[in-house]
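Worksheet: the structure to be examined is printed underneath.
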Amino acid sequence: MSSLTPDGGAASIGTVDLGIVLEAGGVALVLDIRDGGLPVVVHWGASCGPLDAAAFEALAVAGVFPDAGSEVDAVVPVSMLPELSRGWSGTPGVSGSRDGAHWSPRFRVTGLAIDGAPVVDAAGAAPASGGRRILSSGPASVRVVAQDDEAELTLALDIELTGSGAIRTRAAVRNVGDDVYGLDSLMPMLPVPLDADEAL
């Protein structure tokens with residue numbers, strides 16, 4: 001992974017609506033970047049083979065827990081940095097404030113690169129065959145750049161699938177405002193099955 005700065009390394013683009021499939025070492029990592037939100041892991045496990053738009057959408061829907069009718073009116077997709085501003089009620093991925101203000105940032109993806117190559121058409125029209133745009137790769141590093149204009153924060157999130165099938169992730173937040181932003185925690189998260197009994 002290259003050096004991590006929240007303001008570089010990815011093309012500036014419009015609203016992102018894109019699926020990314022990385023496969024290596026018998027492992028697949030499938031990311032869903034929808035409506036400019038941060039990436040959601042829809043699959044992390046055994047290789048799932050080639051995915052067209054319909055198969056990708058089926059996989060994304062299969063990973064959504066049903067609405068239990070007790071917390072929110074709609075199911076909240078959990079991104080790799082869960083946001084309270086999008087309805088997540090658990091531990092947020094970014095925790096901090098400006099002296100009590102801007103404690104719930106809402107990031108919008110503004111740039112995307114795979115292995116350092118900017119993805120400039122991530123916000124473009126869907127392929128002629130219909131459905132969502134899906135990018136597939138072998139082992140690769142994905143850089144997502146996002147910002148929250150109101151909170152005056154920028155974010156860089158790196159997600160890497162190595163040749164052996166291991167996943168590495170890291171994040172950096174930058175305050176682009178004039179006053180102090182106190183960052184309490186920055187915790188990229190990956191989904192873990194309920195029956196997992198060991199995490200490294």
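In the structure tokens, the first chain shown is A, the next is B, and so on; residue numbers restart at 1 for each chain, and ligands run from 1 in the order shown.
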DSSP-assigned strand (DSSP E or B) members of stretch 3-198 of chain A, reported as number ranges by chain:
A: 11-12, 18-24, 27-33, 40-46, 79, 94-98, 101, 108-114, 117-118, 133-137, 140-148, 153-161, 167-175, 182-186
Excluding A:Met189 and residues on its chain fewer than 6 positions from it, collect all residues at most 10 Å away from it, counting only C-alpha atoms, and give them as an mmCIF file with C-alpha atoms, in the first residue's frame.
```cif
data_model
loop_
_atom_site.group_PDB
_atom_site.id
_atom_site.type_symbol
_atom_site.label_atom_id
_atom_site.label_comp_id
_atom_site.auth_asym_id
_atom_site.auth_seq_id
_atom_site.Cartn_x
_atom_site.Cartn_y
_atom_site.Cartn_z
ATOM 1 C CA VAL A 40 -20.358 -1.987 2.010
ATOM 2 C CA VAL A 41 -18.880 -5.503 2.092
ATOM 3 C CA VAL A 78 -23.363 -1.255 7.251
ATOM 4 C CA SER A 79 -20.403 0.322 5.487
ATOM 5 C CA MET A 80 -16.764 -0.312 6.306
ATOM 6 C CA LEU A 81 -16.920 2.888 8.390
ATOM 7 C CA PRO A 82 -20.479 2.784 9.789
ATOM 8 C CA PRO A 92 -19.477 4.479 14.523
ATOM 9 C CA GLY A 93 -16.447 4.069 12.290
ATOM 10 C CA THR A 169 -7.581 -2.072 5.386
ATOM 11 C CA ARG A 170 -6.681 1.323 6.784
#
```
Nearest to A:Leu22: which of A:Ser95, A:Ser89, A:Gln147, A:Ser141 is it, counting only C-alpha atoms?
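Of A:Ser95, A:Ser89, A:Gln147, A:Ser141, the one nearest A:Leu22 is A:Ser141, counting only C-alpha atoms.
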Just the residues within 8 Å of A:Asp99, please, counting only C-alpha atoms, with nothing from its chain fewer than 2 positions along; format it as a list in words.
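Once the adjacent positions are removed, what remains is Ser97, Ala101, Val180, Tyr181 and Gly182 of chain A.
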